[in-house]
Amino acid sequence: MNAIALLDYAGVAVFAATGALAASRKQLDIIGFLFLAGVTGVGGGTVRDVILNVPVFWVLDHTYVLVCAAVGVLVFFTAHRLESRYRVLLWLDAIGMSAYAALGAYKGLAATGSPVAAIVMGMLTATFGGILRDLLAGEPSVLLRPEIYVTAALAGAAVFTAADLAGMHEAVSSVLAFSIAFAVRGGALRFGWSFPTYKGRPGRRPEDIP
Amino acid sequence: MNAIALLDYAGVAVFAATGALAASRKQLDIIGFLFLAGVTGVGGGTVRDVILNVPVFWVLDHTYVLVCAAVGVLVFFTAHRLESRYRVLLWLDAIGMSAYAALGAYKGLAATGSPVAAIVMGMLTATFGGILRDLLAGEPSVLLRPEIYVTAALAGAAVFTAADLAGMHEAVSSVLAFSIAFAVRGGALRFGWSFPTYKGRPGRRPEDIP
Amino acid sequence: MNAIALLDYAGVAVFAATGALAASRKQLDIIGFLFLAGVTGVGGGTVRDVILNVPVFWVLDHTYVLVCAAVGVLVFFTAHRLESRYRVLLWLDAIGMSAYAALGAYKGLAATGSPVAAIVMGMLTATFGGILRDLLAGEPSVLLRPEIYVTAALAGAAVFTAADLAGMHEAVSSVLAFSIAFAVRGGALRFGWSFPTYKGRPGRRPEDIP
């Protein structure tokens, strides 16, 4: 199995695990675990393939669906052992996001030949699985957390695209991109790295606005 | 009209009615009824067709849009007569979900020839209209309710696929699949059937986690 | 630049600004501004192109992505000057929605030749960017606000379609459609125009229903 395929399965599997962990936090039944594992595992890649107008990856190859199902079952029987499922969810999400950032840029570049499209597809598909998971599970969106998130996906996608354009082998580009994205997001989780946020006052509630 | 076409219109119409009932619970105006009826009625099928990369069904045949509009108007003028609109919504949702599970499996099998893809498409499209409705209307997701839901869609899609592979006529397979899905979901609504849920503690709120 | 292209860029740019304003209300960092500006700016058009099965507009032409990025940066540095960012968001949303209603109907008619599909695509894509923005930013959906919203999009799309079928030049049809949609939504924002809403009681919370 080459580096791209490995990143692909790894990204799907760890995102599936975060979906199943969200299901455990909501105390769903085992089918709920499978459903959230599946949607989170393949959601970002589905949006990517639909926008690029290429066949959706898991319709072509069912291994992905079976991987998500296996992960869902595994988490159902082991999640109670974790001290803090939400912390584990965030770290697995970081791995999945980093893998998807590299792979999204790879697929975007292959389908369009355009660096801008590659970077946007990498960023979008790296973050979309997590966004879908949080929407469906009714969790606060990972997008709105204070530490750096989308930036890590953007960095990974940009590194893949730059390395590929510089003529590096796709395995090298993928590993570089994954490492950069994970370093940025991991640092944000471990050390609370954040950019200066918008300095103004927080929004008032819409109903208070004349 | 054959069994497949009947299931199709029935699924769209009753999902449209659940969208309109959600609009009535949120006290929207008549155009809000039409909008939620339309999105809920055709949402799951739109996702199905986009993922299968076949033309979206309601773009080809406008009858579906007109059915949703008619149902939206009808519910606008009659919803106040219902004792509990949310109970009616749940039961109509059960009918629509069962119809869509059979039809999604049928379309998935026709487009891909793969049983795994057929089962996943049946389950996905049966549940997605309701998920979209709840997201747009700001209702708690039907996905997170304690009684069995996704399982019923999964059972219906699996029964259709098995019956079709066993060589049964598609009308027979559809009726079987619809009946099984509705029996499972109906039992869950009537008798509170549920699987043992994940036994661990509920998730802490993210902000309480160090 | 012709009227259609102008409407197109204007719609994307002002929707991007509303996404960035939502980011400022949530006190996100600059990448959060770019992300919400991008998703809101191109979200409705992406759904439109995917449903019509035509190439997604911003994958073909990266100018749109760069416009969203520029708007995101601009808003990041200027939003604190606004007295009420939510009011500005609503007015910009009205402009973007009106532009998208005309353009969605134009693209829907061009791709399908069907007036019903044109009107539905105009209404859908005019409202979808704002719906996505509110979902991702955790804001109450613009869809559920009491004043007229979807109706304005519907009116704009219907006017474009009627004018086009009556043989008017597409520039005239677009300007007419934009003006009608903006007049309806602007009147609703300024004077609180609303339809009689559904007269029944509001929905009870699902957990209170036996």
# chains A, B, ... in the order shown; residues from 1 in each chain; ligands from 1
>>> residues_around(residues="region 163-170 of chain C", least_positions_apart="4", cutoff="9 Å", atoms="only C-alpha atoms", output="mmCIF file with N, CA and C atoms, in the first residue's frame")
data_model
loop_
_atom_site.group_PDB
_atom_site.id
_atom_site.type_symbol
_atom_site.label_atom_id
_atom_site.label_comp_id
_atom_site.auth_asym_id
_atom_site.auth_seq_id
_atom_site.Cartn_x
_atom_site.Cartn_y
_atom_site.Cartn_z
ATOM 1 N N ALA C 3 -24.106 42.261 -17.271
ATOM 2 C CA ALA C 3 -24.949 42.351 -16.077
ATOM 3 C C ALA C 3 -24.936 41.045 -15.282
ATOM 4 N N ILE C 4 -24.939 39.908 -15.993
ATOM 5 C CA ILE C 4 -24.955 38.620 -15.314
ATOM 6 C C ILE C 4 -23.665 38.420 -14.513
ATOM 7 N N TYR C 106 -31.285 32.116 -13.818
ATOM 8 C CA TYR C 106 -30.604 32.154 -15.129
ATOM 9 C C TYR C 106 -29.874 30.844 -15.398
ATOM 10 N N PRO C 115 -38.918 26.173 -16.721
ATOM 11 C CA PRO C 115 -39.237 27.284 -15.814
ATOM 12 C C PRO C 115 -39.365 26.856 -14.354
ATOM 13 N N ALA C 158 -38.872 34.113 -9.904
ATOM 14 C CA ALA C 158 -40.043 34.044 -10.781
ATOM 15 C C ALA C 158 -40.017 35.183 -11.799
ATOM 16 N N VAL C 159 -39.619 36.377 -11.350
ATOM 17 C CA VAL C 159 -39.569 37.520 -12.260
ATOM 18 C C VAL C 159 -38.519 37.288 -13.348
ATOM 19 N N SER C 174 -32.311 40.273 -15.475
ATOM 20 C CA SER C 174 -31.553 40.171 -14.226
ATOM 21 C C SER C 174 -31.772 41.394 -13.349
ATOM 22 N N VAL C 175 -31.722 42.568 -13.977
ATOM 23 C CA VAL C 175 -31.871 43.785 -13.189
ATOM 24 C C VAL C 175 -33.274 43.858 -12.591
ATOM 25 N N LEU C 176 -34.264 43.503 -13.403
ATOM 26 C CA LEU C 176 -35.640 43.450 -12.897
ATOM 27 C C LEU C 176 -35.766 42.491 -11.712
ATOM 28 N N ALA C 177 -35.213 41.283 -11.882
ATOM 29 C CA ALA C 177 -35.341 40.254 -10.849
ATOM 30 C C ALA C 177 -34.626 40.691 -9.568
#
>>> closest_atom_pairs(of="region 117-152 of chain C", to="region 14-31 of chain B", cutoff="9 Å", atoms="only C-alpha atoms", output="JSON lines")
{"residue": "C:Leu143", "atom": "CA", "partner": "B:Leu28", "partner_atom": "CA", "distance": 8.9}
{"residue": "C:Leu144", "atom": "CA", "partner": "B:Leu28", "partner_atom": "CA", "distance": 6.9}
{"residue": "C:Arg145", "atom": "CA", "partner": "B:Leu28", "partner_atom": "CA", "distance": 8.2}
{"residue": "C:Pro146", "atom": "CA", "partner": "B:Leu28", "partner_atom": "CA", "distance": 7.1}
{"residue": "C:Ile148", "atom": "CA", "partner": "B:Asp29", "partner_atom": "CA", "distance": 8.2}
{"residue": "C:Tyr149", "atom": "CA", "partner": "B:Ile31", "partner_atom": "CA", "distance": 8.8}
{"residue": "C:Val150", "atom": "CA", "partner": "B:Ile31", "partner_atom": "CA", "distance": 6.6}
{"residue": "C:Thr151", "atom": "CA", "partner": "B:Ile31", "partner_atom": "CA", "distance": 6.1}
>>> write_last_selection(atoms="N, CA, C and O atoms", output="CSV table (one decimal), in the first residue's frame")
chain,number,residue,atom,x,y,z
C,143,LEU,N,-33.8,31.8,8.1
C,143,LEU,CA,-35.0,31.2,7.6
C,143,LEU,C,-36.2,31.3,8.6
C,143,LEU,O,-37.3,31.3,8.2
C,144,LEU,N,-35.8,31.3,9.9
C,144,LEU,CA,-36.8,31.2,10.9
C,144,LEU,C,-37.2,32.6,11.4
C,144,LEU,O,-38.0,32.7,12.4
C,145,ARG,N,-36.6,33.7,10.9
C,145,ARG,CA,-37.0,35.0,11.3
C,145,ARG,C,-38.4,35.4,10.8
C,145,ARG,O,-38.8,34.9,9.8
C,146,PRO,N,-39.0,36.2,11.6
C,146,PRO,CA,-40.4,36.5,11.2
C,146,PRO,C,-40.6,37.2,9.9
C,146,PRO,O,-41.6,37.0,9.2
C,148,ILE,N,-40.4,38.5,6.0
C,148,ILE,CA,-40.3,37.8,4.7
C,148,ILE,C,-38.9,37.6,4.2
C,148,ILE,O,-38.1,38.5,4.3
C,149,TYR,N,-38.6,36.4,3.9
C,149,TYR,CA,-37.2,36.1,3.4
C,149,TYR,C,-37.3,35.3,2.1
C,149,TYR,O,-36.9,35.7,1.0
C,150,VAL,N,-37.7,34.0,2.3
C,150,VAL,CA,-37.7,33.1,1.1
C,150,VAL,C,-38.6,33.6,0.0
C,150,VAL,O,-38.3,33.5,-1.2
C,151,THR,N,-39.7,34.3,0.4
C,151,THR,CA,-40.6,34.9,-0.5
C,151,THR,C,-39.9,35.9,-1.5
C,151,THR,O,-40.2,35.9,-2.7
>>> closest_atom_pairs(of="chain A", to="chain B", cutoff="8 Å", atoms="only C-alpha atoms", output="tab-separated table")
residue	atom	partner	partner_atom	distance
A:Ser24	CA	B:Tyr198	CA	6.1
A:Arg25	CA	B:Gly203	CA	4.0
A:Lys26	CA	B:Pro202	CA	6.2
A:Gln27	CA	B:Tyr198	CA	5.1
A:Leu28	CA	B:Thr197	CA	5.3
A:Asp29	CA	B:Thr197	CA	4.1
A:Ile30	CA	B:Thr197	CA	6.9
A:Ile31	CA	B:Thr151	CA	6.1
A:Gly32	CA	B:Val150	CA	7.0
A:Phe35	CA	B:Val150	CA	7.6
A:Thr46	CA	B:Ile51	CA	7.5
A:Val50	CA	B:Ile51	CA	6.8
A:Pro55	CA	B:Asn53	CA	7.2
A:Val56	CA	B:Ile51	CA	6.4
A:Val59	CA	B:Ala117	CA	6.0
A:His62	CA	B:Val116	CA	6.8
A:Phe76	CA	B:Tyr198	CA	6.7
A:Ala79	CA	B:Gly200	CA	7.8
A:His80	CA	B:Gly200	CA	5.2
A:Ser84	CA	B:Ile209	CA	7.6
A:Arg85	CA	B:Gly203	CA	7.6
A:Tyr86	CA	B:Pro206	CA	6.9
A:Arg87	CA	B:Ile209	CA	7.7
A:Leu135	CA	B:Leu135	CA	7.9
A:Leu136	CA	B:Ser141	CA	7.4
A:Ala137	CA	B:Leu144	CA	7.3
A:Gly138	CA	B:Ser141	CA	8.0
>>> select_by_dssp(residues="region 22-178 of chain A", states="alpha helix (DSSP H)", output="ChimeraX atom specification")
/A:22-25,30-52,57-60,63-78,85-112,115-137,150-165,170-178
>>> write_last_selection(atoms="C-alpha atoms", output="compact mmCIF listing (two decimals), in the first residue's frame")
# COMPACT_ATOMS: atom_id res chain seq x y z
CA ALA A 22 -19.54 11.67 19.48
CA ALA A 23 -22.20 8.92 19.42
CA SER A 24 -20.91 7.63 22.77
CA ARG A 25 -21.12 11.13 24.28
CA ILE A 30 -24.81 0.71 18.16
CA ILE A 31 -26.50 1.64 14.88
CA GLY A 32 -26.14 5.29 15.89
CA PHE A 33 -22.42 4.61 16.34
CA LEU A 34 -22.22 3.06 12.87
CA PHE A 35 -24.15 5.93 11.31
CA LEU A 36 -22.08 8.73 12.83
CA ALA A 37 -18.87 6.77 12.18
CA GLY A 38 -19.85 6.42 8.52
CA VAL A 39 -20.99 9.99 7.96
CA THR A 40 -17.94 11.46 9.69
CA GLY A 41 -15.51 9.02 8.08
CA VAL A 42 -16.56 9.56 4.49
CA GLY A 43 -18.41 12.91 4.69
CA GLY A 44 -15.54 15.23 3.81
CA GLY A 45 -14.37 13.02 0.96
CA THR A 46 -17.91 12.76 -0.39
CA VAL A 47 -18.22 16.54 -0.57
CA ARG A 48 -14.77 16.69 -2.23
CA ASP A 49 -15.65 14.13 -4.91
CA VAL A 50 -19.06 15.66 -5.60
CA ILE A 51 -17.57 19.15 -6.06
CA LEU A 52 -14.77 17.79 -8.27
CA PHE A 57 -14.74 7.11 -3.54
CA TRP A 58 -16.76 4.85 -1.24
CA VAL A 59 -19.28 3.99 -3.96
CA LEU A 60 -16.38 2.67 -6.05
CA THR A 63 -13.68 -1.14 1.87
CA TYR A 64 -14.17 2.37 3.22
CA VAL A 65 -17.70 1.62 4.38
CA LEU A 66 -16.56 -1.59 6.05
CA VAL A 67 -13.67 0.22 7.77
CA CYS A 68 -16.13 2.75 9.20
CA ALA A 69 -18.44 -0.03 10.39
CA ALA A 70 -15.59 -1.91 12.06
CA VAL A 71 -14.37 1.24 13.79
CA GLY A 72 -17.90 2.02 14.97
CA VAL A 73 -18.25 -1.42 16.58
CA LEU A 74 -14.79 -1.22 18.15
CA VAL A 75 -15.51 2.16 19.72
CA PHE A 76 -18.91 0.98 20.97
CA PHE A 77 -17.21 -1.69 23.06
CA THR A 78 -14.19 0.30 24.22
CA ARG A 85 -13.62 10.87 25.26
CA TYR A 86 -13.77 14.47 24.07
CA ARG A 87 -9.98 14.90 24.34
CA VAL A 88 -9.43 11.65 22.43
CA LEU A 89 -11.97 12.82 19.87
CA LEU A 90 -10.06 16.07 19.36
CA TRP A 91 -6.71 14.30 18.91
CA LEU A 92 -8.09 11.70 16.50
CA ASP A 93 -9.83 14.51 14.65
CA ALA A 94 -6.40 16.19 14.34
CA ILE A 95 -4.95 13.06 12.70
CA GLY A 96 -7.89 12.62 10.35
CA MET A 97 -7.92 16.28 9.43
CA SER A 98 -4.19 16.23 8.62
CA ALA A 99 -4.53 13.11 6.46
CA TYR A 100 -7.53 14.55 4.63
CA ALA A 101 -5.77 17.89 4.03
CA ALA A 102 -2.96 16.13 2.12
CA LEU A 103 -5.34 13.82 0.29
CA GLY A 104 -7.82 16.55 -0.59
CA ALA A 105 -5.03 18.64 -2.12
CA TYR A 106 -3.76 15.58 -4.00
CA LYS A 107 -7.18 14.78 -5.43
CA GLY A 108 -7.97 18.43 -6.15
CA LEU A 109 -4.70 18.87 -8.03
CA ALA A 110 -5.18 15.63 -9.95
CA ALA A 111 -8.73 16.54 -10.98
CA THR A 112 -8.25 20.21 -11.86
CA PRO A 115 -3.08 24.96 -7.21
CA VAL A 116 -5.83 27.25 -5.90
CA ALA A 117 -8.46 24.53 -6.31
CA ALA A 118 -6.09 22.02 -4.69
CA ILE A 119 -5.55 24.17 -1.60
CA VAL A 120 -9.24 24.98 -1.21
CA MET A 121 -10.25 21.32 -1.65
CA GLY A 122 -7.66 20.22 0.91
CA MET A 123 -8.85 22.75 3.46
CA LEU A 124 -12.53 22.11 2.79
CA THR A 125 -12.47 18.33 2.90
CA ALA A 126 -10.16 18.23 5.91
CA THR A 127 -12.62 20.24 7.95
CA PHE A 128 -15.96 19.11 6.55
CA GLY A 129 -16.16 15.68 8.15
CA GLY A 130 -15.75 17.23 11.58
CA ILE A 131 -18.26 19.97 10.83
CA LEU A 132 -20.84 17.40 9.71
CA ARG A 133 -20.19 15.28 12.81
CA ASP A 134 -20.70 18.24 15.14
CA LEU A 135 -23.86 19.36 13.32
CA LEU A 136 -25.42 15.88 13.38
CA ALA A 137 -24.45 15.13 16.96
CA VAL A 150 -8.79 25.54 9.83
CA THR A 151 -5.30 27.07 9.64
CA ALA A 152 -3.72 23.66 10.16
CA ALA A 153 -5.75 22.22 7.29
CA LEU A 154 -4.84 25.18 5.12
CA ALA A 155 -1.13 24.77 5.95
CA GLY A 156 -1.20 21.05 5.12
CA ALA A 157 -2.97 21.58 1.82
CA ALA A 158 -0.62 24.42 0.86
CA VAL A 159 2.47 22.36 1.72
CA PHE A 160 1.27 19.41 -0.36
CA THR A 161 0.56 21.66 -3.31
CA ALA A 162 3.89 23.48 -3.08
CA ALA A 163 5.87 20.25 -2.68
CA ASP A 164 4.09 18.64 -5.58
CA LEU A 165 4.68 21.65 -7.83
CA GLU A 170 3.74 12.30 -4.03
CA ALA A 171 4.63 10.10 -1.05
CA VAL A 172 7.10 12.72 0.19
CA SER A 173 4.64 15.55 -0.40
CA SER A 174 1.92 13.70 1.49
CA VAL A 175 4.09 12.91 4.49
CA LEU A 176 5.33 16.50 4.63
CA ALA A 177 1.81 17.89 4.37
CA PHE A 178 0.44 15.51 6.99
>>> atom_distance(atom1="CA of Leu189 (chain A)", atom2="CA of Tyr9 (chain A)")
23.5 Å
>>> atom_distance(atom1="CA of Phe182 (chain A)", atom2="CA of Leu6 (chain A)")
15.9 Å
>>> atom_distance(atom1="CA of Ala181 (chain A)", atom2="CA of Asp61 (chain A)")
26.8 Å
